[in-house]
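Asker: File work-v1.csv below, CSV, C-alpha atoms and all ligand atoms:
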```
chain,number,residue,atom,x,y,z
A,1370,MET,CA,90.3,149.0,101.2
A,1371,GLU,CA,88.4,145.7,101.4
A,1372,GLU,CA,84.7,145.5,101.9
A,1373,VAL,CA,84.9,142.2,103.8
A,1374,VAL,CA,87.8,140.0,104.9
A,1375,ILE,CA,86.9,136.5,105.9
A,1376,ILE,CA,89.4,134.6,108.0
A,1377,GLY,CA,89.2,130.8,107.6
A,1378,SER,CA,88.5,128.4,104.7
A,1379,GLY,CA,86.3,125.9,106.4
A,1380,PRO,CA,82.6,125.5,105.7
A,1381,ALA,CA,81.7,128.7,107.7
A,1382,GLY,CA,84.2,130.9,105.9
A,1383,LEU,CA,83.5,129.4,102.5
A,1384,THR,CA,79.8,129.9,102.9
A,1385,ALA,CA,80.2,133.4,104.1
A,1386,ALA,CA,82.3,133.9,100.9
A,1387,ILE,CA,79.6,132.5,98.7
A,1388,TYR,CA,77.0,134.9,100.2
A,1389,ALA,CA,79.3,137.9,100.3
A,1390,GLY,CA,80.4,137.2,96.7
A,1391,ARG,CA,76.8,137.0,95.5
A,1392,SER,CA,76.3,140.4,97.2
A,1393,GLN,CA,79.1,141.7,95.0
A,1394,LEU,CA,81.3,142.5,97.9
A,1395,SER,CA,84.3,140.8,96.3
A,1396,PRO,CA,85.3,139.1,99.5
A,1397,LEU,CA,88.9,138.4,100.4
A,1398,LEU,CA,89.2,135.0,102.1
A,1399,ILE,CA,92.4,134.2,104.0
A,1400,THR,CA,92.7,130.4,104.2
A,1401,GLY,CA,95.0,129.7,107.1
A,1402,ASN,CA,97.2,126.7,107.0
A,1403,ALA,CA,94.3,124.2,107.0
A,1404,LEU,CA,92.7,124.7,103.6
A,1405,GLY,CA,89.1,123.5,103.9
A,1406,GLY,CA,89.3,123.5,107.7
A,1407,GLN,CA,88.6,120.6,110.0
A,1408,ALA,CA,85.8,119.5,107.6
A,1409,ALA,CA,88.5,118.7,105.0
A,1410,THR,CA,90.2,116.3,107.4
A,1411,THR,CA,87.0,114.4,107.8
A,1412,SER,CA,86.9,111.1,106.0
A,1413,GLU,CA,83.2,111.0,105.3
A,1414,VAL,CA,80.5,113.5,106.0
A,1415,GLU,CA,77.2,111.5,106.1
A,1416,ASN,CA,74.9,114.0,107.8
A,1417,TYR,CA,75.2,117.1,105.5
A,1418,PRO,CA,72.0,117.4,103.5
A,1419,GLY,CA,72.1,116.9,99.8
A,1420,PHE,CA,74.5,114.0,99.7
A,1421,PRO,CA,72.5,110.9,100.4
A,1422,ASP,CA,75.5,108.6,100.0
A,1423,GLY,CA,77.8,110.8,102.0
A,1424,ILE,CA,80.7,112.8,100.7
A,1425,GLY,CA,84.4,113.1,101.6
A,1426,GLY,CA,85.1,116.2,103.7
A,1427,MET,CA,87.9,117.3,101.3
A,1428,GLU,CA,85.6,117.0,98.3
A,1429,LEU,CA,82.8,118.9,100.0
A,1430,THR,CA,85.0,121.9,100.9
A,1431,GLN,CA,86.6,121.9,97.5
A,1432,LEU,CA,83.2,122.2,96.0
A,1433,MET,CA,82.4,125.0,98.4
A,1434,GLN,CA,85.6,126.8,97.4
A,1435,GLN,CA,84.7,126.5,93.7
A,1436,GLN,CA,81.3,128.0,94.4
A,1437,ALA,CA,82.8,130.9,96.3
A,1438,GLU,CA,85.3,131.6,93.6
A,1439,ARG,CA,82.6,131.5,91.0
A,1440,PHE,CA,81.0,134.5,92.7
A,1441,GLY,CA,84.3,136.5,92.9
A,1442,THR,CA,85.9,135.5,96.1
A,1443,ARG,CA,89.6,136.0,96.1
A,1444,VAL,CA,91.2,133.1,98.0
A,1445,GLN,CA,94.5,134.0,99.6
A,1446,MET,CA,96.7,131.2,101.0
A,1447,ASP,CA,98.1,132.9,104.0
A,1448,GLU,CA,97.6,133.1,107.7
A,1449,VAL,CA,96.5,136.1,109.8
A,1450,VAL,CA,99.1,136.9,112.5
A,1451,GLU,CA,97.6,140.1,113.8
A,1452,ALA,CA,94.2,141.8,113.9
A,1453,ASN,CA,93.6,145.3,115.1
A,1454,LEU,CA,89.9,145.7,115.8
A,1455,ARG,CA,90.2,148.8,118.0
A,1456,GLN,CA,90.2,151.1,115.0
A,1457,HIS,CA,87.9,151.3,111.9
A,1458,PRO,CA,88.7,150.3,109.2
A,1459,PHE,CA,90.0,147.1,110.8
A,1460,VAL,CA,93.6,146.2,110.1
A,1461,ILE,CA,94.5,142.6,109.3
A,1462,LYS,CA,98.1,141.5,109.0
A,1463,THR,CA,99.2,138.2,107.4
A,1464,TYR,CA,102.7,136.9,106.8
A,1465,GLY,CA,102.6,138.4,103.4
A,1466,ALA,CA,100.4,141.6,103.5
A,1467,THR,CA,98.4,144.1,105.5
A,1468,TYR,CA,94.8,144.7,104.7
A,1469,GLU,CA,92.3,147.4,105.8
A,1470,THR,CA,88.7,146.3,105.8
A,1471,LYS,CA,85.3,147.7,106.5
A,1472,SER,CA,84.0,144.5,107.9
A,1473,LEU,CA,85.5,141.2,109.1
A,1474,ILE,CA,84.1,137.7,109.4
A,1475,ILE,CA,86.0,135.4,111.7
A,1476,ALA,CA,85.6,131.7,110.9
A,1477,THR,CA,88.8,130.4,112.4
A,1478,GLY,CA,87.2,127.2,113.8
A,1479,VAL,CA,88.8,125.1,116.5
A,1480,SER,CA,92.0,123.0,117.0
A,1481,PRO,CA,92.2,119.6,118.5
A,1482,ARG,CA,92.8,119.5,122.2
A,1483,LEU,CA,96.0,117.8,123.2
A,1484,LEU,CA,96.2,115.1,125.9
A,1485,GLY,CA,99.2,116.9,127.4
A,1486,VAL,CA,101.0,113.6,128.3
A,1487,PRO,CA,104.7,112.7,127.9
A,1488,GLY,CA,105.6,111.6,124.4
A,1489,GLU,CA,102.6,113.3,122.7
A,1490,ASP,CA,104.5,116.3,121.5
A,1491,LEU,CA,107.7,114.3,120.8
A,1492,PHE,CA,106.0,111.8,118.4
A,1493,LYS,CA,103.7,114.3,116.7
A,1494,GLY,CA,103.9,113.4,113.0
A,1495,ARG,CA,105.8,110.2,113.9
A,1496,GLY,CA,102.9,108.2,115.1
A,1497,VAL,CA,100.8,110.8,116.9
A,1498,SER,CA,98.1,112.2,114.6
A,1499,PHE,CA,94.8,114.2,114.8
A,1500,CYS,CA,93.7,113.3,111.2
A,1501,ALA,CA,92.8,109.8,110.2
A,1502,THR,CA,92.0,110.9,106.6
A,1503,CYS,CA,95.4,112.4,106.2
A,1504,ASP,CA,97.5,109.7,107.9
A,1505,GLY,CA,95.3,106.5,108.0
A,1506,PHE,CA,96.9,105.1,104.9
A,1507,PHE,CA,100.3,104.8,106.7
A,1508,TYR,CA,98.8,102.3,109.1
A,1509,LYS,CA,98.1,99.5,106.6
A,1510,ASP,CA,98.0,96.2,108.6
A,1511,LYS,CA,99.2,98.0,111.7
A,1512,VAL,CA,97.7,98.5,115.1
A,1513,VAL,CA,96.5,101.9,116.2
A,1514,ALA,CA,94.8,103.5,119.2
A,1515,VAL,CA,92.1,106.2,118.9
A,1516,VAL,CA,91.5,108.3,122.1
A,1517,GLY,CA,88.1,109.7,122.8
A,1518,GLY,CA,84.4,108.6,122.8
A,1519,GLY,CA,82.5,111.2,120.8
A,1520,ASP,CA,81.4,111.2,117.2
A,1521,ALA,CA,84.7,112.2,115.7
A,1522,ALA,CA,86.6,109.5,117.7
A,1523,VAL,CA,84.3,106.7,116.8
A,1524,GLU,CA,83.7,107.7,113.2
A,1525,GLU,CA,87.5,108.0,112.6
A,1526,ALA,CA,88.1,104.7,114.4
A,1527,ILE,CA,85.7,103.0,112.0
A,1528,TYR,CA,87.5,104.7,109.1
A,1529,LEU,CA,90.9,103.5,110.3
A,1530,THR,CA,89.7,99.9,110.2
A,1531,ARG,CA,90.0,100.2,106.4
A,1532,PHE,CA,93.7,100.2,106.8
A,1533,ALA,CA,94.7,99.0,110.3
A,1534,SER,CA,94.5,95.4,111.4
A,1535,LYS,CA,93.2,96.5,114.8
A,1536,VAL,CA,91.9,99.7,116.3
A,1537,TYR,CA,91.7,100.2,120.1
A,1538,VAL,CA,89.3,103.0,121.2
A,1539,ILE,CA,90.5,104.3,124.5
A,1540,HIS,CA,87.8,106.1,126.4
A,1541,ARG,CA,87.8,107.6,129.9
A,1542,ARG,CA,84.2,106.5,130.6
A,1543,ASN,CA,82.3,103.3,130.4
A,1544,ARG,CA,80.0,104.4,127.6
A,1545,LEU,CA,80.5,106.3,124.3
A,1546,ARG,CA,79.1,109.8,123.6
A,1547,ALA,CA,78.9,109.2,119.8
A,1548,GLN,CA,75.5,109.0,118.1
A,1549,LYS,CA,73.8,105.7,118.5
A,1550,VAL,CA,74.0,104.7,114.8
A,1551,VAL,CA,77.8,105.4,114.9
A,1552,GLN,CA,78.2,103.4,118.1
A,1553,GLN,CA,76.3,100.5,116.7
A,1554,ARG,CA,78.7,100.4,113.7
A,1555,ALA,CA,81.7,100.4,116.0
A,1556,PHE,CA,80.3,97.6,118.2
A,1557,GLU,CA,79.7,95.4,115.1
A,1558,ASN,CA,83.2,96.0,113.7
A,1559,ASP,CA,85.5,93.1,114.6
A,1560,LYS,CA,88.6,95.2,114.2
A,1561,ILE,CA,87.6,97.6,117.0
A,1562,GLU,CA,88.3,96.9,120.6
A,1563,LEU,CA,86.9,99.3,123.3
A,1564,VAL,CA,89.2,100.0,126.2
A,1565,TRP,CA,86.8,101.5,128.8
A,1566,ASP,CA,87.5,103.7,131.8
A,1567,SER,CA,91.0,104.4,130.7
A,1568,VAL,CA,93.2,107.4,129.8
A,1569,VAL,CA,96.6,107.6,128.0
A,1570,ALA,CA,99.3,108.3,130.5
A,1571,GLU,CA,102.3,108.3,128.1
A,1572,VAL,CA,103.1,107.7,124.5
A,1573,LEU,CA,106.0,105.3,124.1
A,1574,GLY,CA,108.4,104.9,121.3
A,1575,GLN,CA,111.9,105.1,119.8
A,1576,GLN,CA,112.0,106.7,116.4
A,1577,THR,CA,108.2,106.3,116.1
A,1578,VAL,CA,105.4,105.2,118.4
A,1579,THR,CA,105.6,101.7,119.7
A,1580,GLY,CA,102.9,101.8,122.4
A,1581,VAL,CA,100.8,103.7,124.9
A,1582,ARG,CA,100.8,103.4,128.6
A,1583,ILE,CA,97.3,103.6,129.8
A,1584,LYS,CA,95.8,104.0,133.2
A,1585,ASN,CA,92.4,102.7,134.4
A,1586,VAL,CA,90.7,105.6,136.1
A,1587,LYS,CA,88.6,103.4,138.3
A,1588,ASN,CA,91.3,101.2,139.9
A,1589,GLY,CA,94.5,103.2,139.0
A,1590,GLU,CA,96.0,100.1,137.3
A,1591,GLU,CA,98.5,100.8,134.5
A,1592,SER,CA,99.2,98.7,131.5
A,1593,THR,CA,100.8,99.0,128.1
A,1594,LEU,CA,99.2,98.6,124.7
A,1595,ALA,CA,101.5,97.9,121.8
A,1596,VAL,CA,100.4,100.2,119.0
A,1597,ASP,CA,102.0,101.8,115.9
A,1598,GLY,CA,100.0,105.0,116.1
A,1599,MET,CA,97.7,107.1,118.2
A,1600,PHE,CA,94.9,109.3,116.9
A,1601,THR,CA,93.4,111.8,119.4
A,1602,TYR,CA,89.9,113.2,119.4
A,1603,VAL,CA,89.3,114.5,122.9
A,1604,GLY,CA,87.7,117.8,122.2
A,1605,THR,CA,88.7,121.1,120.9
A,1606,VAL,CA,90.0,124.6,121.7
A,1607,PRO,CA,88.8,127.7,119.8
A,1608,ASN,CA,91.3,129.5,117.6
A,1609,THR,CA,90.7,132.9,119.1
A,1610,ARG,CA,94.1,133.9,120.5
A,1611,LEU,CA,94.4,136.8,118.0
A,1612,PHE,CA,91.2,138.4,119.3
A,1613,GLU,CA,91.8,138.1,123.1
A,1614,GLY,CA,91.3,141.4,124.8
A,1615,GLN,CA,89.6,142.9,121.7
A,1616,LEU,CA,86.4,140.8,121.4
A,1617,GLU,CA,84.1,139.4,124.1
A,1618,LEU,CA,84.9,135.7,124.6
A,1619,ASP,CA,83.1,133.2,126.8
A,1620,GLU,CA,84.8,131.4,129.7
A,1621,ARG,CA,86.1,128.7,127.3
A,1622,GLY,CA,87.5,131.2,124.8
A,1623,TYR,CA,84.8,131.0,122.2
A,1624,ILE,CA,83.6,134.2,120.6
A,1625,THR,CA,80.4,135.5,121.9
A,1626,THR,CA,77.8,136.4,119.2
A,1627,ASP,CA,74.2,137.2,119.1
A,1628,HIS,CA,71.8,135.2,116.8
A,1629,ARG,CA,72.9,137.4,113.9
A,1630,MET,CA,76.5,136.6,114.4
A,1631,HIS,CA,77.4,140.1,115.6
A,1632,THR,CA,80.4,140.1,118.0
A,1633,SER,CA,81.0,142.7,120.7
A,1634,VAL,CA,82.6,145.0,118.0
A,1635,PRO,CA,80.3,146.5,115.4
A,1636,GLY,CA,81.4,145.3,111.9
A,1637,VAL,CA,83.1,142.2,113.2
A,1638,PHE,CA,81.1,139.0,112.8
A,1639,ALA,CA,81.9,135.4,113.7
A,1640,ALA,CA,80.7,132.1,112.2
A,1641,GLY,CA,81.1,128.4,112.6
A,1642,ASP,CA,82.8,126.4,115.3
A,1643,VAL,CA,84.7,129.4,116.7
A,1644,GLN,CA,81.4,130.8,118.1
A,1645,GLU,CA,79.1,127.7,118.1
A,1646,ARG,CA,78.1,126.3,121.5
A,1647,ALA,CA,75.3,123.9,120.8
A,1648,LEU,CA,76.4,121.8,117.8
A,1649,ARG,CA,79.7,122.0,116.0
A,1650,GLN,CA,79.0,120.6,112.6
A,1651,VAL,CA,79.1,121.5,108.9
A,1652,ALA,CA,75.4,122.2,108.8
A,1653,THR,CA,75.6,124.7,111.6
A,1654,ALA,CA,78.8,126.3,110.3
A,1655,VAL,CA,77.3,127.0,106.8
A,1656,GLY,CA,74.2,128.5,108.5
A,1657,SER,CA,76.1,130.9,110.6
A,1658,GLY,CA,78.5,131.7,107.7
A,1659,ALA,CA,75.5,132.7,105.6
A,1660,ILE,CA,74.1,135.0,108.3
A,1661,ALA,CA,77.4,136.6,109.0
A,1662,ALA,CA,77.9,137.5,105.3
A,1663,MET,CA,74.4,139.1,105.0
A,1664,GLU,CA,75.0,141.0,108.3
A,1665,ALA,CA,78.3,142.3,107.0
A,1666,GLU,CA,76.6,143.5,103.8
A,1667,LYS,CA,74.0,145.3,105.9
A,1668,PHE,CA,76.7,146.8,108.1
A,1669,ILE,CA,78.6,148.2,105.1
A,1670,ALA,CA,75.4,149.6,103.6
A,1671,GLU,CA,74.5,151.4,106.8
A,1672,LEU,CA,78.0,152.7,107.2
A,1673,GLU,CA,77.7,154.3,103.8
A,1674,GLY,CA,74.3,155.7,104.5
A,1675,GLN,CA,72.4,153.4,102.2
A,1676,ALA,CA,69.1,152.0,103.0
A,1677,TYR,CA,69.5,148.2,103.3
A,1678,PRO,CA,66.9,146.3,101.3
A,1679,ASP,CA,64.7,144.2,103.5
A,1680,ARG,CA,65.0,141.0,101.6
A,1681,GLN,CA,62.4,138.4,101.5
A,1682,TRP,CA,63.0,135.2,99.5
B,1,LIG,C1,87.5,114.1,112.7
B,1,LIG,C2,86.3,115.0,112.5
B,1,LIG,C3,85.2,114.5,112.0
B,1,LIG,C4,84.0,115.3,111.8
B,1,LIG,N1,82.9,114.8,111.2
B,1,LIG,C5,81.9,115.6,110.9
B,1,LIG,C6,80.8,115.0,110.2
B,1,LIG,O1,80.7,113.9,109.9
B,1,LIG,N2,79.7,115.9,109.9
B,1,LIG,C7,79.8,117.2,110.3
B,1,LIG,O2,78.8,117.9,110.0
B,1,LIG,N3,80.8,117.7,110.9
B,1,LIG,C8,81.9,116.9,111.3
B,1,LIG,N4,83.0,117.4,111.9
B,1,LIG,C9,82.9,118.9,112.4
B,1,LIG,C10,83.1,119.8,111.2
B,1,LIG,O3,84.4,119.5,110.6
B,1,LIG,C11,83.2,121.2,111.8
B,1,LIG,O4,82.1,121.5,112.5
B,1,LIG,C12,83.4,122.3,110.7
B,1,LIG,O5,84.5,122.0,109.9
B,1,LIG,C13,83.4,123.7,111.2
B,1,LIG,O6,83.6,124.6,110.2
B,1,LIG,P1,84.3,126.0,110.5
B,1,LIG,O7,84.4,126.6,109.1
B,1,LIG,O8,83.7,126.7,111.6
B,1,LIG,O9,85.8,125.6,111.0
B,1,LIG,P2,87.0,124.8,110.4
B,1,LIG,O10,86.5,123.8,109.4
B,1,LIG,O11,87.8,124.2,111.5
B,1,LIG,O12,87.9,125.9,109.6
B,1,LIG,C14,88.7,126.8,110.3
B,1,LIG,C15,89.5,127.5,109.3
B,1,LIG,O13,90.1,128.6,109.9
B,1,LIG,C16,91.5,128.8,109.4
B,1,LIG,N5,92.2,129.5,110.4
B,1,LIG,C17,92.5,129.3,111.7
B,1,LIG,N6,93.3,130.3,112.2
B,1,LIG,C18,93.6,131.1,111.2
B,1,LIG,C19,94.4,132.3,111.0
B,1,LIG,N7,95.1,132.8,112.1
B,1,LIG,N8,94.5,132.9,109.8
B,1,LIG,C20,93.8,132.4,108.8
B,1,LIG,N9,93.0,131.3,108.9
B,1,LIG,C21,92.9,130.7,110.0
B,1,LIG,C22,91.9,127.3,109.3
B,1,LIG,O14,93.0,127.3,108.4
B,1,LIG,C23,90.7,126.7,108.7
B,1,LIG,O15,90.6,126.9,107.3
B,1,LIG,C24,84.1,116.7,112.2
B,1,LIG,C25,85.2,117.2,112.7
B,1,LIG,C26,86.3,116.4,112.9
B,1,LIG,C27,87.6,116.9,113.5
```
Do you think you could lay out the structure here as structure tokens?
Ligand SMILES: Cc1cc2nc3c(=O)[nH]c(=O)nc-3n(C[C@H](O)[C@H](O)[C@H](O)COP(=O)(O)OP(=O)(O)OC[C@H]3O[C@@H](n4cnc5c(N)ncnc54)[C@H](O)[C@@H]3O)c2cc1C
Answerer:
Amino acid sequence: MEEVVIIGSGPAGLTAAIYAGRSQLSPLLITGNALGGQAATTSEVENYPGFPDGIGGMELTQLMQQQAERFGTRVQMDEVVEANLRQHPFVIKTYGATYETKSLIIATGVSPRLLGVPGEDLFKGRGVSFCATCDGFFYKDKVVAVVGGGDAAVEEAIYLTRFASKVYVIHRRNRLRAQKVVQQRAFENDKIELVWDSVVAEVLGQQTVTGVRIKNVKNGEESTLAVDGMFTYVGTVPNTRLFEGQLELDERGYITTDHRMHTSVPGVFAAGDVQERALRQVATAVGSGAIAAMEAEKFIAELEGQAYPDRQW
């Protein structure tokens, strides 16, 4: 019987593990197939406090994992395929094992939203990518398109200019949503060309991507951009399919929590992007991960009839 199972190895899950570990709950953390989560795919994190010169996303999450393991977290490289939250203890099934647990912290994050256009699926991994840090290197002296206008799109476009000879940023509106400081950097970068008011209608190619057909949303005109790769950052969908019908979700599928990260099922907590509505960032993920772990500790103590210490630091 586990005290606490944590699903997800991004900043929220790893922080929950650090806190649960320090509370001597010996947490079991199931990583999923994205070790370190979305944060690990981020080229550079510049806005997480404590790193004045920025830090690579992969390095940051590796440090978090080391810290979690130092306090007794058991990291299991596996993926949860089924969760039964209708009974207590909860039952969590992975490809390799079945666990019973007194409490559960869900930190499964979000996945990139797809464009849903012809060619996107066909060329996934052959020119269509969602991770500049993972795949940017393959585009040395090549031309790429980045789709989107938010922080992730613009930051990764800037990162891609380290390798690519040219980076088109295709955005459906006539102004970016990214933070001003990031926008400014993009505007000053000679390798970046903004393609305004446009959407990708089709990904073109033979063995690999050779171009994208784009459509101007204002006048309906279509044209083709010759590119060797396309990186998409057009929003996200929450990884909550396992919990549908068992937990209260909002209209977009995110887990509903209160300010203490309690879900609609007592003993089940959610942290990070999978429940965050206001700001999906590393800083908010670690905050909610910490709260979720402390609430899980409290839940277990109350379950076992122990008075939970009212901690003041
Ligand atoms: C390109 C890009 C750039 C970004 N840049 C920044 C930045 O500069 N600064 C910043 O603060 N934030 C940035 N972010 C956002 C930041 O990465 C996220 O807010 C943060 O990673 C959220 O952490 P999380 O732990 O909630 O989720 P995630 O990091 O997404 O982790 C989710 C985890 O859940 C696991 N999982 C999912 N399903 C299952 C399952 N069935 N079984 C087991 N495990 C599962 C996954 O394997 C993964 O480990 C960026 C994001 C992107 C995509």
Asker: List the spatial neighbours of region 1625-1640 of chain A as a count of residues only - criterion: any atom at most 8 Å away, only C-alpha atoms, same-chain residues fewer than 2 positions off excluded.
Answerer: 27
Asker: Write out as a PyMOL selection string each polymer residue whose atoms come within 9 Å of Phe1506 (chain A), counting only C-alpha atoms; drop sequence neighbours fewer than 2 positions from it.
Answerer: chain A and resi 1501-1504+1508-1509+1529+1531-1533
Asker: Using only C-alpha atoms and all ligand atoms, which of the listed residues (A:Val1538, A:Leu1432, A:Ala1662, A:Leu1404) sits closest to ligand LIG 1 (chain B)?
Answerer: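 Of A:Val1538, A:Leu1432, A:Ala1662, A:Leu1404, the one nearest ligand LIG 1 (chain B), counting only C-alpha atoms and all ligand atoms, is A:Leu1404.
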Asker: Determine, counting only C-alpha atoms, which protein, DNA and RNA residues have an atom within 9 Å of an atom of region 1510-1519 of chain A; residues of the same chain fewer than 6 positions away are not included. Present the result as number ranges by chain.
Answerer: A: 1525-1526, 1529, 1532-1542, 1544-1548, 1568-1569, 1580-1581, 1594-1604
Asker: Fewer than 3 positions away in the same chain doesn't count, so skip those; otherwise give me all residues within 10 Å of Val1586 (chain A), counting only C-alpha atoms, as a VMD selection string.
Answerer: chain A and resid 1541 to 1542 1565 to 1568 1583 1589 to 1591
Asker: Residues within 7 Å of Ile1399 (chain A), please, as number ranges by chain. Count only C-alpha atoms; anything in the same chain fewer than 2 positions from it doesn't count.
Answerer: A: 1375-1377, 1397, 1401, 1444-1448
Asker: Could you write out the selected residues, including C-alpha atoms, as a CSV table (one decimal), in the frame of the given file?
Answerer:
```csv
chain,number,residue,atom,x,y,z
A,1375,ILE,CA,86.9,136.5,105.9
A,1376,ILE,CA,89.4,134.6,108.0
A,1377,GLY,CA,89.2,130.8,107.6
A,1397,LEU,CA,88.9,138.4,100.4
A,1401,GLY,CA,95.0,129.7,107.1
A,1444,VAL,CA,91.2,133.1,98.0
A,1445,GLN,CA,94.5,134.0,99.6
A,1446,MET,CA,96.7,131.2,101.0
A,1447,ASP,CA,98.1,132.9,104.0
A,1448,GLU,CA,97.6,133.1,107.7
```
Asker: When you count all atoms listed in the file, which of these residues is closest to Ala1570 (chain A): A:Glu1613, A:Asp1422, A:Glu1413, A:Glu1489?
Answerer: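 Result for the nearest residue to Ala1570 (chain A): A:Glu1489.
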Asker: Counting all atoms listed in the file, figure out which residue out of A:Tyr1468, A:Phe1440, A:Tyr1528, A:Tyr1417 gets nearest to ligand LIG 1 (chain B).
Answerer: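 Closest residue, counting all atoms listed in the file: A:Tyr1417.
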Asker: Generate N, CA, C and O atoms for region 1448-1459 of chain A and emit them as a compact mmCIF listing (two decimals), in the frame of the given file.
Answerer:
```
# COMPACT_ATOMS: atom_id res chain seq x y z
N GLU A 1448 98.14 133.28 106.38
CA GLU A 1448 97.60 133.10 107.70
C GLU A 1448 97.60 134.49 108.42
O GLU A 1448 98.55 135.27 108.28
N VAL A 1449 96.55 134.79 109.13
CA VAL A 1449 96.50 136.10 109.80
C VAL A 1449 97.33 135.96 111.11
O VAL A 1449 97.20 135.02 111.88
N VAL A 1450 98.22 136.94 111.28
CA VAL A 1450 99.10 136.90 112.50
C VAL A 1450 98.75 138.03 113.44
O VAL A 1450 99.17 138.01 114.59
N GLU A 1451 97.99 139.01 112.97
CA GLU A 1451 97.60 140.10 113.80
C GLU A 1451 96.32 140.74 113.34
O GLU A 1451 96.11 140.84 112.12
N ALA A 1452 95.46 141.13 114.27
CA ALA A 1452 94.20 141.80 113.90
C ALA A 1452 94.02 142.97 114.83
O ALA A 1452 94.04 142.80 116.05
N ASN A 1453 93.85 144.15 114.26
CA ASN A 1453 93.60 145.30 115.10
C ASN A 1453 92.09 145.71 114.89
O ASN A 1453 91.71 146.25 113.85
N LEU A 1454 91.29 145.41 115.89
CA LEU A 1454 89.90 145.70 115.80
C LEU A 1454 89.49 146.91 116.63
O LEU A 1454 88.32 147.21 116.82
N ARG A 1455 90.51 147.61 117.12
CA ARG A 1455 90.20 148.80 118.00
C ARG A 1455 90.05 150.03 117.12
O ARG A 1455 89.68 151.08 117.62
N GLN A 1456 90.39 149.93 115.85
CA GLN A 1456 90.20 151.10 115.00
C GLN A 1456 89.34 150.62 113.77
O GLN A 1456 89.25 149.42 113.48
N HIS A 1457 88.69 151.57 113.13
CA HIS A 1457 87.90 151.30 111.90
C HIS A 1457 88.39 152.17 110.81
O HIS A 1457 88.47 153.38 111.04
N PRO A 1458 88.70 151.67 109.62
CA PRO A 1458 88.70 150.30 109.20
C PRO A 1458 89.61 149.38 110.02
O PRO A 1458 90.63 149.84 110.51
N PHE A 1459 89.23 148.11 110.10
CA PHE A 1459 90.00 147.10 110.80
C PHE A 1459 91.30 146.84 110.05
O PHE A 1459 91.30 146.90 108.81
```
